[in-house]
>>> print(open('target_38.cif').read())   # mmCIF, C-alpha atoms
data_coords
loop_
_atom_site.label_atom_id
_atom_site.label_comp_id
_atom_site.auth_asym_id
_atom_site.auth_seq_id
_atom_site.Cartn_x
_atom_site.Cartn_y
_atom_site.Cartn_z
CA MET A 28 3.99 12.77 22.79
CA LYS A 29 4.12 9.06 22.19
CA PHE A 30 1.23 6.95 23.32
CA LYS A 31 -0.05 3.40 23.14
CA ALA A 32 -2.56 2.69 20.44
CA HIS A 33 -6.08 1.85 21.49
CA PRO A 34 -6.97 -1.74 20.56
CA THR A 35 -10.29 -0.77 19.01
CA ILE A 36 -8.49 1.34 16.41
CA LEU A 37 -6.16 -1.40 15.21
CA PRO A 38 -5.27 -3.27 13.08
CA VAL A 39 -3.55 -0.68 10.95
CA ALA A 40 -4.07 -2.04 7.45
CA LEU A 41 -7.13 -0.94 5.55
CA LEU A 42 -7.74 -3.97 3.39
CA LEU A 43 -10.61 -2.09 1.83
CA SER A 44 -12.34 -3.40 -1.23
CA LEU A 45 -11.02 -1.46 -4.25
CA ALA A 46 -8.10 -0.07 -2.26
CA CYS A 47 -5.77 -2.23 -0.20
CA GLY A 48 -7.40 -5.57 -0.13
CA SER A 49 -9.88 -7.55 -2.11
CA GLY A 50 -12.30 -6.42 -4.78
CA THR A 51 -12.43 -5.22 -8.35
CA PRO A 52 -13.55 -1.75 -9.45
CA SER A 53 -16.44 -1.24 -11.80
CA ALA A 54 -14.30 0.96 -14.03
CA PRO A 55 -16.05 2.82 -16.85
CA VAL A 56 -13.55 1.62 -19.46
CA THR A 57 -13.01 -2.02 -20.41
CA PRO A 58 -9.35 -2.96 -20.98
CA THR A 59 -8.23 -4.64 -24.16
CA GLN A 60 -5.92 -7.62 -24.30
CA THR A 61 -3.26 -5.72 -26.25
CA SER A 62 -3.35 -2.41 -24.40
CA GLN A 63 -0.07 -2.26 -22.50
CA LEU A 64 2.48 0.36 -21.50
CA ALA A 65 5.41 0.82 -23.83
CA ALA A 66 8.75 -0.31 -22.50
CA SER A 67 9.96 3.28 -22.23
CA GLN A 68 7.06 4.07 -19.91
CA LEU A 69 7.99 1.16 -17.68
CA ALA A 70 11.40 2.57 -16.82
CA THR A 71 12.00 2.71 -13.10
CA PRO A 72 13.88 5.87 -12.14
CA ASN A 73 14.32 6.76 -8.48
CA SER A 74 11.82 8.86 -6.59
CA GLN A 75 8.57 8.26 -8.38
CA PHE A 76 5.37 9.37 -6.70
CA GLY A 77 1.67 8.76 -6.88
CA ILE A 78 -1.47 7.61 -5.13
CA ALA A 79 -2.53 4.28 -3.62
CA GLY A 80 -5.99 2.85 -4.04
CA LEU A 81 -8.87 2.94 -6.51
CA ILE A 82 -11.28 5.16 -4.61
CA PRO A 83 -13.13 7.71 -6.79
CA ARG A 84 -15.12 10.62 -5.45
CA ASN A 85 -18.51 9.78 -3.91
CA PHE A 86 -17.29 6.27 -3.08
CA PRO A 87 -18.98 3.81 -2.56
CA ASN A 88 -21.75 5.31 -4.70
CA SER A 89 -19.51 6.47 -7.54
CA SER A 90 -20.84 7.08 -11.04
CA ALA A 91 -19.08 6.35 -14.32
CA ALA A 92 -18.14 10.05 -14.43
CA ASP A 93 -16.59 9.75 -10.98
CA TRP A 94 -14.45 6.82 -12.15
CA THR A 95 -13.33 8.76 -15.20
CA ASN A 96 -12.47 11.73 -12.97
CA LEU A 97 -10.32 9.46 -10.79
CA TYR A 98 -8.12 8.49 -13.73
CA GLU A 99 -8.07 11.96 -15.26
CA THR A 100 -6.79 13.51 -12.01
CA LEU A 101 -4.03 10.95 -11.37
CA PRO A 102 -1.31 13.26 -12.80
CA GLU A 103 -2.05 15.68 -9.98
CA THR A 104 -0.42 13.28 -7.51
CA GLY A 105 2.33 11.73 -9.65
CA GLU A 106 2.86 9.02 -12.22
CA LEU A 107 2.16 5.93 -10.10
CA LEU A 108 -1.13 4.26 -9.19
CA GLY A 109 -1.10 1.57 -6.52
CA ALA A 110 -3.62 -1.15 -7.34
CA TYR A 111 -3.80 -3.54 -4.37
CA THR A 112 -5.99 -6.61 -4.53
CA ASP A 113 -6.30 -10.12 -3.24
CA TRP A 114 -4.40 -12.67 -5.29
CA ALA A 115 -7.71 -14.30 -6.29
CA ASP A 116 -11.04 -12.65 -7.00
CA SER A 117 -12.82 -15.75 -5.70
CA PRO A 118 -12.03 -19.38 -4.86
CA GLU A 119 -13.53 -20.35 -8.20
CA THR A 120 -11.16 -18.08 -10.16
CA ALA A 121 -8.02 -18.78 -8.11
CA GLY A 122 -5.10 -19.04 -10.50
CA GLN A 123 -6.47 -16.38 -12.88
CA ILE A 124 -5.22 -12.80 -13.03
CA PRO A 125 -7.43 -10.64 -10.78
CA ALA A 126 -9.71 -8.45 -12.88
CA VAL A 127 -8.45 -5.22 -11.32
CA VAL A 128 -4.96 -5.91 -12.67
CA ASP A 129 -6.14 -6.17 -16.27
CA THR A 130 -8.34 -3.12 -15.71
CA VAL A 131 -5.54 -0.79 -14.61
CA PHE A 132 -3.18 -1.94 -17.35
CA GLY A 133 -5.93 -1.41 -19.88
CA LEU A 134 -6.42 2.16 -18.64
CA ALA A 135 -2.76 3.06 -18.09
CA PRO A 136 -1.89 4.10 -21.67
CA ARG A 137 -4.99 6.30 -21.95
CA TYR A 138 -4.40 8.11 -18.66
CA HIS A 139 -0.59 7.97 -18.60
CA PHE A 140 0.09 6.30 -15.29
CA ILE A 141 2.32 3.42 -14.20
CA PRO A 142 0.60 0.70 -12.15
CA LEU A 143 2.12 -0.70 -8.98
CA ILE A 144 0.46 -4.08 -8.42
CA ALA A 145 0.29 -5.68 -4.98
CA LEU A 146 -1.20 -9.11 -4.30
CA GLY A 147 -2.53 -9.76 -0.81
CA PHE A 148 -3.40 -13.12 0.73
CA PHE A 149 -5.28 -12.20 3.90
CA ARG A 150 -7.89 -9.73 5.10
CA ASP A 151 -9.25 -8.49 8.41
CA LYS A 152 -12.21 -10.28 9.92
CA PRO A 153 -14.97 -8.03 11.30
CA GLU A 154 -14.69 -9.69 14.71
CA GLY A 155 -10.92 -9.26 14.75
CA GLY A 156 -8.00 -11.35 13.54
CA LEU A 157 -7.06 -12.36 10.02
CA GLU A 158 -8.70 -14.55 7.41
CA LEU A 159 -6.41 -16.12 4.81
CA SER A 160 -7.42 -16.46 1.19
CA LEU A 161 -4.43 -18.69 0.45
CA ALA A 162 -3.60 -22.05 2.02
CA LEU A 163 0.13 -21.52 2.35
CA THR A 164 0.94 -25.18 2.93
CA ASN A 165 -1.27 -26.49 0.13
CA ALA A 166 0.82 -27.37 -2.93
CA GLU A 167 -2.03 -26.74 -5.38
CA GLU A 168 -2.81 -23.28 -4.03
CA ARG A 169 0.87 -22.37 -3.85
CA ALA A 170 1.19 -23.31 -7.51
CA LYS A 171 -1.85 -21.16 -8.38
CA PHE A 172 -0.40 -18.14 -6.54
CA LYS A 173 2.88 -18.52 -8.40
CA HIS A 174 1.00 -18.94 -11.68
CA VAL A 175 -0.94 -15.70 -11.11
CA ALA A 176 2.22 -13.70 -10.44
CA VAL A 177 3.98 -15.11 -13.51
CA ALA A 178 0.90 -14.58 -15.70
CA ILE A 179 0.76 -10.91 -14.65
CA VAL A 180 4.36 -10.21 -15.60
CA GLU A 181 4.18 -12.19 -18.84
CA LYS A 182 1.10 -10.28 -19.96
CA HIS A 183 1.83 -6.78 -18.65
CA GLN A 184 5.56 -6.52 -17.81
CA PRO A 185 4.86 -4.31 -14.77
CA SER A 186 7.50 -2.07 -13.26
CA TYR A 187 6.49 -3.17 -9.77
CA LEU A 188 4.93 -6.30 -8.29
CA ALA A 189 4.45 -6.69 -4.54
CA LEU A 190 3.87 -10.21 -3.23
CA GLY A 191 2.09 -9.79 0.09
CA ILE A 192 0.75 -6.65 1.78
CA GLU A 193 1.78 -5.80 5.36
CA ILE A 194 3.16 -9.28 5.70
CA ASN A 195 4.48 -8.73 9.23
CA ARG A 196 0.87 -8.53 10.37
CA TYR A 197 0.57 -12.14 9.24
CA TYR A 198 3.83 -12.93 11.04
CA GLU A 199 2.27 -11.75 14.31
CA HIS A 200 -0.84 -13.77 13.54
CA ASP A 201 1.03 -17.02 12.82
CA PRO A 202 4.85 -17.01 13.09
CA THR A 203 5.05 -20.66 12.09
CA GLY A 204 2.83 -20.19 9.06
CA PHE A 205 4.97 -17.23 8.06
CA ASP A 206 7.81 -19.63 7.21
CA ALA A 207 5.59 -21.15 4.53
CA PHE A 208 4.96 -17.69 3.09
CA VAL A 209 8.70 -16.98 2.93
CA THR A 210 9.34 -20.15 0.91
CA LEU A 211 6.40 -19.37 -1.39
CA TYR A 212 7.70 -15.84 -1.87
CA THR A 213 11.16 -17.17 -2.72
CA GLU A 214 9.80 -19.61 -5.31
CA THR A 215 7.52 -16.97 -6.82
CA TYR A 216 10.25 -14.34 -6.89
CA GLU A 217 12.52 -16.64 -8.89
CA ALA A 218 9.75 -17.51 -11.35
CA VAL A 219 8.71 -13.87 -11.83
CA LYS A 220 12.28 -12.67 -12.39
CA ALA A 221 12.83 -15.43 -14.93
CA ALA A 222 9.77 -14.28 -16.86
CA SER A 223 10.33 -10.51 -16.45
CA PRO A 224 13.81 -9.61 -15.19
CA ASP A 225 13.12 -5.86 -15.09
CA THR A 226 10.07 -6.12 -12.82
CA LEU A 227 10.92 -5.05 -9.29
CA VAL A 228 9.56 -7.67 -6.87
CA PHE A 229 9.13 -7.22 -3.13
CA PRO A 230 6.76 -7.77 -0.19
CA VAL A 231 5.26 -4.86 1.77
CA PHE A 232 5.84 -4.47 5.51
CA GLN A 233 3.86 -2.37 7.99
CA TYR A 234 6.44 0.14 9.19
CA GLU A 235 5.08 1.04 12.62
CA MET A 236 4.93 -2.64 13.59
CA LEU A 237 8.35 -3.40 12.13
CA HIS A 238 9.89 -0.48 13.97
CA GLY A 239 8.49 -1.61 17.32
CA GLY A 240 7.87 0.33 20.53
CA GLU A 241 5.10 1.11 22.96
CA PHE A 242 2.17 0.74 20.63
CA PHE A 243 -0.16 -1.77 18.96
CA ALA A 244 -0.97 -3.27 22.36
CA GLY A 245 -2.75 -2.12 25.46
CA ASP A 246 0.26 -2.77 27.66
CA GLY A 247 3.92 -3.59 27.37
CA GLN A 248 6.55 -3.19 24.70
CA ASN A 249 6.00 -4.30 21.13
CA PRO A 250 9.33 -5.73 19.92
CA SER A 251 10.83 -4.62 16.64
CA GLN A 252 10.71 -7.01 13.69
CA TRP A 253 13.72 -5.91 11.66
CA GLU A 254 14.99 -9.48 11.58
CA LEU A 255 12.17 -10.33 9.15
CA LEU A 256 14.04 -8.50 6.40
CA ASP A 257 16.86 -11.04 6.66
CA LEU A 258 14.51 -13.93 5.87
CA PHE A 259 14.21 -12.73 2.27
CA GLY A 260 17.94 -12.55 1.62
CA GLU A 261 18.81 -11.04 -1.75
CA ARG A 262 15.25 -11.36 -3.02
CA LEU A 263 14.13 -7.86 -2.08
CA ASP A 264 14.34 -5.54 -5.07
CA LEU A 265 12.84 -2.84 -2.86
CA VAL A 266 12.21 -2.67 0.88
CA ALA A 267 8.63 -1.41 0.96
CA PHE A 268 6.45 -0.14 3.80
CA THR A 269 3.04 1.21 4.63
CA THR A 270 3.29 3.97 7.21
CA TYR A 271 0.62 5.56 9.39
CA PRO A 272 2.51 7.31 12.21
CA TYR A 273 -0.59 9.02 13.60
CA LEU A 274 -1.28 5.71 15.32
CA LEU A 275 1.86 6.33 17.37
CA TYR A 276 2.17 10.10 17.69
CA ALA A 277 -0.33 12.86 18.35
CA SER A 278 1.36 15.44 16.09
CA PRO A 279 3.72 15.41 13.11
CA ASP A 280 6.13 17.49 15.17
CA ASP A 281 6.40 14.63 17.67
CA LEU A 282 8.01 12.23 15.19
CA PRO A 283 11.71 11.85 16.06
CA ALA A 284 14.28 13.06 13.55
CA ASN A 285 15.45 9.52 12.84
CA TYR A 286 11.96 8.06 12.46
CA TYR A 287 12.62 6.80 8.93
CA ALA A 288 16.41 7.20 8.88
CA VAL A 289 16.78 4.05 11.00
CA ILE A 290 15.71 2.01 7.98
CA ALA A 291 19.17 2.54 6.52
CA GLU A 292 20.65 0.82 9.57
CA HIS A 293 18.92 -2.42 8.55
CA THR A 294 19.12 -2.47 4.76
CA SER A 295 21.10 -0.93 1.94
CA ARG A 296 18.40 -1.58 -0.64
CA PRO A 297 16.18 1.11 -2.21
CA ILE A 298 13.20 2.12 -0.07
CA ALA A 299 9.54 2.37 -1.06
CA PHE A 300 6.48 3.63 0.78
CA SER A 301 3.43 2.04 -0.81
CA GLU A 302 0.96 3.76 1.55
CA ILE A 303 1.40 6.99 3.53
CA GLY A 304 -1.31 8.67 5.55
CA TRP A 305 -2.30 11.18 8.21
CA PRO A 306 -5.93 12.08 9.04
CA SER A 307 -7.52 15.44 8.31
CA ALA A 308 -10.12 15.00 11.06
CA PRO A 309 -10.21 13.40 14.55
CA PHE A 310 -11.41 9.85 14.94
CA ALA A 311 -15.15 10.07 15.48
CA ASN A 312 -15.30 6.97 17.67
CA ALA A 313 -12.34 7.91 19.88
CA PRO A 314 -12.79 11.57 20.91
CA ASP A 315 -11.12 11.08 24.29
CA LEU A 316 -7.96 9.46 22.96
CA PRO A 317 -4.89 11.44 21.91
CA TYR A 318 -5.13 10.61 18.22
CA GLY A 319 -4.68 13.76 16.20
CA GLY A 320 -6.34 14.77 13.00
CA SER A 321 -6.89 18.11 11.25
CA GLN A 322 -6.31 19.54 7.81
CA ASP A 323 -3.39 21.59 9.11
CA GLU A 324 -1.84 18.51 10.71
CA GLN A 325 -2.23 16.52 7.53
CA ALA A 326 -0.55 19.21 5.44
CA ALA A 327 2.21 19.51 8.04
CA PHE A 328 2.82 15.78 7.95
CA VAL A 329 3.31 15.83 4.18
CA ARG A 330 6.22 18.23 4.68
CA ARG A 331 7.41 16.25 7.69
CA PHE A 332 7.42 13.01 5.73
CA PHE A 333 9.73 14.38 3.06
CA GLU A 334 11.93 15.92 5.72
CA LEU A 335 12.24 12.60 7.58
CA ALA A 336 12.77 10.59 4.39
CA ASN A 337 15.55 12.89 3.24
CA GLY A 338 18.76 10.91 2.89
CA LEU A 339 17.07 7.59 2.18
CA ASP A 340 17.48 5.91 -1.19
CA LEU A 341 13.80 6.57 -1.88
CA SER A 342 12.52 4.74 -4.95
CA LEU A 343 8.83 5.61 -4.67
CA ALA A 344 6.17 7.00 -2.36
CA LEU A 345 2.38 6.71 -2.67
CA TRP A 346 -0.15 8.59 -0.58
CA SER A 347 -3.34 6.86 0.61
CA PHE A 348 -5.90 7.51 -1.02
CA PRO A 349 -7.29 9.63 -3.92
CA HIS A 350 -10.53 10.38 -2.02
CA ASP A 351 -11.87 9.74 1.44
CA PRO A 352 -13.98 6.58 1.49
CA ALA A 353 -17.33 6.42 3.20
CA GLY A 354 -19.27 3.61 4.73
CA ARG A 355 -18.44 0.91 7.25
CA ILE A 356 -14.67 0.95 7.37
CA ASN A 357 -12.06 1.29 10.08
CA PRO A 358 -12.51 4.88 11.38
CA ALA A 359 -8.72 5.29 11.55
CA PHE A 360 -8.71 5.64 7.75
CA LEU A 361 -11.81 7.73 7.06
CA SER A 362 -10.01 11.04 6.47
CA ILE A 363 -6.44 10.26 5.40
CA SER A 364 -6.95 10.98 1.69
CA LEU A 365 -5.84 14.09 -0.17
CA ARG A 366 -9.40 14.92 -1.23
CA HIS A 367 -12.75 14.77 0.53
CA ASN A 368 -15.31 12.18 -0.51
CA ASN A 369 -17.05 14.74 -2.77
CA GLY A 370 -13.81 15.43 -4.67
CA THR A 371 -12.89 18.71 -2.99
CA SER A 372 -9.14 19.03 -2.50
CA LYS A 373 -7.59 19.32 0.95
CA PRO A 374 -4.63 21.63 1.68
CA ALA A 375 -2.39 18.56 1.90
CA LEU A 376 -2.83 17.95 -1.84
CA ALA A 377 -1.16 21.25 -2.72
CA VAL A 378 1.69 20.50 -0.32
CA TRP A 379 2.15 17.02 -1.80
CA GLN A 380 2.30 18.56 -5.29
CA GLU A 381 4.79 21.18 -4.13
CA MET A 382 7.05 18.57 -2.56
CA ILE A 383 7.09 16.04 -5.41
CA HIS A 384 7.73 18.72 -8.01
CA SER A 385 10.54 20.34 -6.02
CA LEU A 386 12.60 17.15 -5.89
CA PRO A 387 15.18 16.30 -8.58
#
>>> encode(input="target_38.cif", output="C-alpha cells")
Amino acid sequence: MKFKAHPTILPVALLLSLACGSGTPSAPVTPTQTSQLAASQLATPNSQFGIAGLIPRNFPNSSAADWTNLYETLPETGELLGAYTDWADSPETAGQIPAVVDTVFGLAPRYHFIPLIALGFFRDKPEGGLELSLALTNAEERAKFKHVAVAIVEKHQPSYLALGIEINRYYEHDPTGFDAFVTLYTETYEAVKAASPDTLVFPVFQYEMLHGGEFFAGDGQNPSQWELLDLFGERLDLVAFTTYPYLLYASPDDLPANYYAVIAEHTSRPIAFSEIGWPSAPFANAPDLPYGGSQDEQAAFVRRFFELANGLDLSLALWSFPHDPAGRINPAFLSISLRHNNGTSKPALAVWQEMIHSLP
C-alpha cells in the first residue's frame, strides 16, 4: 500500500550531530598527522559495504569504551564507514578540515576500515525548513569550501568524497540558489580531481524525493527530479542516494519490483547508497498512521533491498546506523539501526551480514 507521508514526520534526512550532519565525535583515540591508509587499502572495487554514522552504543551518553566498541565492531557490517559532517565545524574554523575527518582517518589503519567522507552545507531547523552553513554566492566562502575539499584529499587521499548531502532537498528549498551550488560543485570537483585523481567525487541525492510520487506532501503529486542528474554532466563519479522507503510504503513487500531498477533508465554510472534504513519499531508519535516498523519488517527489508538492487552497477551500500540514537531527534529515525541503543544486535544485522558475504 502506498500512502502520502505525514508532514510532521518529514523531512527525511537525519542531519544528526555525529551522524549525517554537523558535529565531531569525542573519539577515544587521537589521530596522528601521518596515520593514513596505504594506497592498497584505498582501492575501490565494486560492491563494498558498511555502516553510515558515528553513533556508538548508549549514545548520546557514550563512554570511551563505547567508542572503542564502535570501531572494533565495524568489520561486522563491512569495510566502509560513512563519516558525514558539515563542511565547517564553526564559522570561526571555516576553511579548515573538519575534526571528524582527521579523526576517522587517524583511526582507520588501527581498525581496518575505509572512510567515506561527505560534506554537508545545510541542516534542518527545529521549526522546519533549512539553515545553510555556506553562503553559496559569497566568493570567499566558496573558496573556503573548495579549499576544505582539496585539503582533505591532499592529506588523506580518500577513496570517496561526497560534496553535498541530500542536495535535492536544498533544490526544493531554493531552486535558484541550487544553481550556485552546481557551479561550486563543478569548480570543487575539478580541483579535487586535480589533487587526487583516484578519489571518487559525487553529491548525494535523497532517492524517495528524486523518484517522485504521491508522498512528501499532504496533497497532490510530488514531481520526479531526475533532471537534476543532468546538471552535473560528466562530473558524477558515482550516482549516490540515501533511501528510506518506509516513508512511502507500509511494508517491504509493497515496494514495486522496479523500485531501484529505474535508476538505470536515467544514468549509466555506478550506483551508491550512502544511507539505507527501515525501522524496527513503529513511530511513537504517529500510532494512527500507516508507517510500519518491526524487527521482522526490518530484517525483511534487508533482503528486499538486495533483491531490488540486483542488476544495478552497485558500487557501495551503507546501512544507517551502527546503533539506535536516543534523545530529541526526528522519530522517523529512532529505530532504523542494526543494533539497539544498548548495543544488542537486531535480527537485521545477521541478515545484512549474510547478504554482503554471499555476494561476489
>>> residues_around(input="target_38.cif", residues="range 329-336 of chain A", least_positions_apart="4", cutoff="9 Å", atoms="all atoms listed in the file", output="ChimeraX atom specification")
/A:279-280,282-288,303-305,324-325,340-341,375-376,378-379,382
>>> residues_around(input="target_38.cif", residues="range 223-235 of chain A", least_positions_apart="4", cutoff="6 Å", atoms="only C-alpha atoms", output="MDAnalysis selection string")
chainID A and resid 185:195 219 263:265 267:270
>>> resolve_selection(input="target_38.cif", expression="the PyMOL selection byres ((chain A and resi 77-82) around 7)", output="list in words")
Leu45, Ala46, Cys47, Phe76, Pro83, Arg84, Phe86, Thr104, Gly105, Glu106, Leu107, Leu108, Gly109, Ala110, Tyr111, Ser301, Glu302, Ala344, Leu345, Trp346, Ser347, Phe348, Pro349, His350 and Pro352 of chain A
>>> residues_around(input="target_38.cif", residues="Asp351 in chain A", least_positions_apart="6", cutoff="10 Å", atoms="only C-alpha atoms", output="mmCIF file with C-alpha atoms, in the frame of the given file")
data_model
loop_
_atom_site.group_PDB
_atom_site.id
_atom_site.type_symbol
_atom_site.label_atom_id
_atom_site.label_comp_id
_atom_site.auth_asym_id
_atom_site.auth_seq_id
_atom_site.Cartn_x
_atom_site.Cartn_y
_atom_site.Cartn_z
ATOM 1 C CA ILE A 82 -11.280 5.160 -4.610
ATOM 2 C CA PRO A 83 -13.130 7.710 -6.790
ATOM 3 C CA ARG A 84 -15.120 10.620 -5.450
ATOM 4 C CA ASN A 85 -18.510 9.780 -3.910
ATOM 5 C CA PHE A 86 -17.290 6.270 -3.080
ATOM 6 C CA PRO A 306 -5.930 12.080 9.040
ATOM 7 C CA SER A 307 -7.520 15.440 8.310
ATOM 8 C CA PHE A 360 -8.710 5.640 7.750
ATOM 9 C CA LEU A 361 -11.810 7.730 7.060
ATOM 10 C CA SER A 362 -10.010 11.040 6.470
ATOM 11 C CA ILE A 363 -6.440 10.260 5.400
ATOM 12 C CA SER A 364 -6.950 10.980 1.690
ATOM 13 C CA LEU A 365 -5.840 14.090 -0.170
ATOM 14 C CA ARG A 366 -9.400 14.920 -1.230
ATOM 15 C CA HIS A 367 -12.750 14.770 0.530
ATOM 16 C CA ASN A 368 -15.310 12.180 -0.510
ATOM 17 C CA ASN A 369 -17.050 14.740 -2.770
ATOM 18 C CA GLY A 370 -13.810 15.430 -4.670
#
>>> atom_distance(input="target_38.cif", atom1="CA of Asn337 in chain A", atom2="CA of Pro374 in chain A")
22.0 Å
>>> resolve_selection(input="target_38.cif", expression="the PyMOL selection byres ((chain A and resi 146) around 6)", output="list in words")
Thr112, Asp113, Trp114, Ala145, Gly147, Leu190 and Gly191 of chain A
>>> closest_residue(input="target_38.cif", among="A:Glu181, A:Glu217, A:Glu292, A:Asp201", to="Glu254 in chain A", atoms="only C-alpha atoms")
A:Glu292
>>> decode(input="target_38.cif", residues="range 280-301 of chain A", atoms="N, CA and C atoms", output="PDB file, in the first residue's frame")
ATOM      1  N   ASP A 280       7.241  -5.677   1.364  1.00  0.00           N
ATOM      2  CA  ASP A 280       6.617  -6.399   0.257  1.00  0.00           C
ATOM      3  C   ASP A 280       5.897  -5.461  -0.707  1.00  0.00           C
ATOM      4  N   ASP A 281       5.573  -4.260  -0.253  1.00  0.00           N
ATOM      5  CA  ASP A 281       4.821  -3.326  -1.093  1.00  0.00           C
ATOM      6  C   ASP A 281       5.697  -2.611  -2.114  1.00  0.00           C
ATOM      7  N   LEU A 282       7.012  -2.642  -1.925  1.00  0.00           N
ATOM      8  CA  LEU A 282       7.881  -1.944  -2.864  1.00  0.00           C
ATOM      9  C   LEU A 282       7.801  -2.608  -4.238  1.00  0.00           C
ATOM     10  N   PRO A 283       7.577  -1.850  -5.295  1.00  0.00           N
ATOM     11  CA  PRO A 283       7.472  -2.443  -6.632  1.00  0.00           C
ATOM     12  C   PRO A 283       8.793  -3.057  -7.076  1.00  0.00           C
ATOM     13  N   ALA A 284       8.715  -3.993  -7.976  1.00  0.00           N
ATOM     14  CA  ALA A 284       9.897  -4.738  -8.414  1.00  0.00           C
ATOM     15  C   ALA A 284      10.931  -3.847  -9.083  1.00  0.00           C
ATOM     16  N   ASN A 285      10.497  -2.739  -9.645  1.00  0.00           N
ATOM     17  CA  ASN A 285      11.446  -1.844 -10.321  1.00  0.00           C
ATOM     18  C   ASN A 285      11.804  -0.627  -9.471  1.00  0.00           C
ATOM     19  N   TYR A 286      11.619  -0.726  -8.164  1.00  0.00           N
ATOM     20  CA  TYR A 286      11.785   0.434  -7.292  1.00  0.00           C
ATOM     21  C   TYR A 286      13.156   1.081  -7.460  1.00  0.00           C
ATOM     22  N   TYR A 287      14.211   0.278  -7.489  1.00  0.00           N
ATOM     23  CA  TYR A 287      15.553   0.818  -7.723  1.00  0.00           C
ATOM     24  C   TYR A 287      16.019   0.610  -9.157  1.00  0.00           C
ATOM     25  N   ALA A 288      15.446  -0.339  -9.867  1.00  0.00           N
ATOM     26  CA  ALA A 288      15.871  -0.610 -11.238  1.00  0.00           C
ATOM     27  C   ALA A 288      15.690   0.592 -12.151  1.00  0.00           C
ATOM     28  N   VAL A 289      14.737   1.482 -11.830  1.00  0.00           N
ATOM     29  CA  VAL A 289      14.503   2.641 -12.694  1.00  0.00           C
ATOM     30  C   VAL A 289      15.700   3.591 -12.708  1.00  0.00           C
ATOM     31  N   ILE A 290      16.581   3.468 -11.736  1.00  0.00           N
ATOM     32  CA  ILE A 290      17.773   4.322 -11.737  1.00  0.00           C
ATOM     33  C   ILE A 290      18.551   4.135 -13.036  1.00  0.00           C
ATOM     34  N   ALA A 291      18.632   2.898 -13.494  1.00  0.00           N
ATOM     35  CA  ALA A 291      19.407   2.610 -14.700  1.00  0.00           C
ATOM     36  C   ALA A 291      18.799   3.240 -15.948  1.00  0.00           C
ATOM     37  N   GLU A 292      17.553   3.687 -15.868  1.00  0.00           N
ATOM     38  CA  GLU A 292      16.941   4.374 -17.002  1.00  0.00           C
ATOM     39  C   GLU A 292      17.424   5.820 -17.110  1.00  0.00           C
ATOM     40  N   HIS A 293      18.065   6.317 -16.049  1.00  0.00           N
ATOM     41  CA  HIS A 293      18.452   7.729 -16.001  1.00  0.00           C
ATOM     42  C   HIS A 293      19.956   7.955 -15.924  1.00  0.00           C
ATOM     43  N   THR A 294      20.716   6.904 -15.691  1.00  0.00           N
ATOM     44  CA  THR A 294      22.168   7.049 -15.650  1.00  0.00           C
ATOM     45  C   THR A 294      22.813   5.706 -15.942  1.00  0.00           C
ATOM     46  N   SER A 295      23.987   5.759 -16.522  1.00  0.00           N
ATOM     47  CA  SER A 295      24.780   4.549 -16.751  1.00  0.00           C
ATOM     48  C   SER A 295      25.965   4.480 -15.804  1.00  0.00           C
ATOM     49  N   ARG A 296      26.032   5.398 -14.866  1.00  0.00           N
ATOM     50  CA  ARG A 296      27.168   5.449 -13.949  1.00  0.00           C
ATOM     51  C   ARG A 296      26.969   4.482 -12.775  1.00  0.00           C
ATOM     52  N   PRO A 297      28.060   4.114 -12.099  1.00  0.00           N
ATOM     53  CA  PRO A 297      27.921   3.241 -10.925  1.00  0.00           C
ATOM     54  C   PRO A 297      27.039   3.885  -9.861  1.00  0.00           C
ATOM     55  N   ILE A 298      26.349   3.034  -9.108  1.00  0.00           N
ATOM     56  CA  ILE A 298      25.351   3.481  -8.132  1.00  0.00           C
ATOM     57  C   ILE A 298      25.878   3.259  -6.718  1.00  0.00           C
ATOM     58  N   ALA A 299      25.562   4.195  -5.828  1.00  0.00           N
ATOM     59  CA  ALA A 299      25.916   4.070  -4.415  1.00  0.00           C
ATOM     60  C   ALA A 299      24.703   4.411  -3.561  1.00  0.00           C
ATOM     61  N   PHE A 300      24.572   3.705  -2.449  1.00  0.00           N
ATOM     62  CA  PHE A 300      23.573   4.046  -1.442  1.00  0.00           C
ATOM     63  C   PHE A 300      24.328   4.375  -0.160  1.00  0.00           C
ATOM     64  N   SER A 301      24.374   5.660   0.160  1.00  0.00           N
ATOM     65  CA  SER A 301      25.162   6.104   1.310  1.00  0.00           C
ATOM     66  C   SER A 301      24.402   5.993   2.626  1.00  0.00           C
TER      67      SER A 301
END
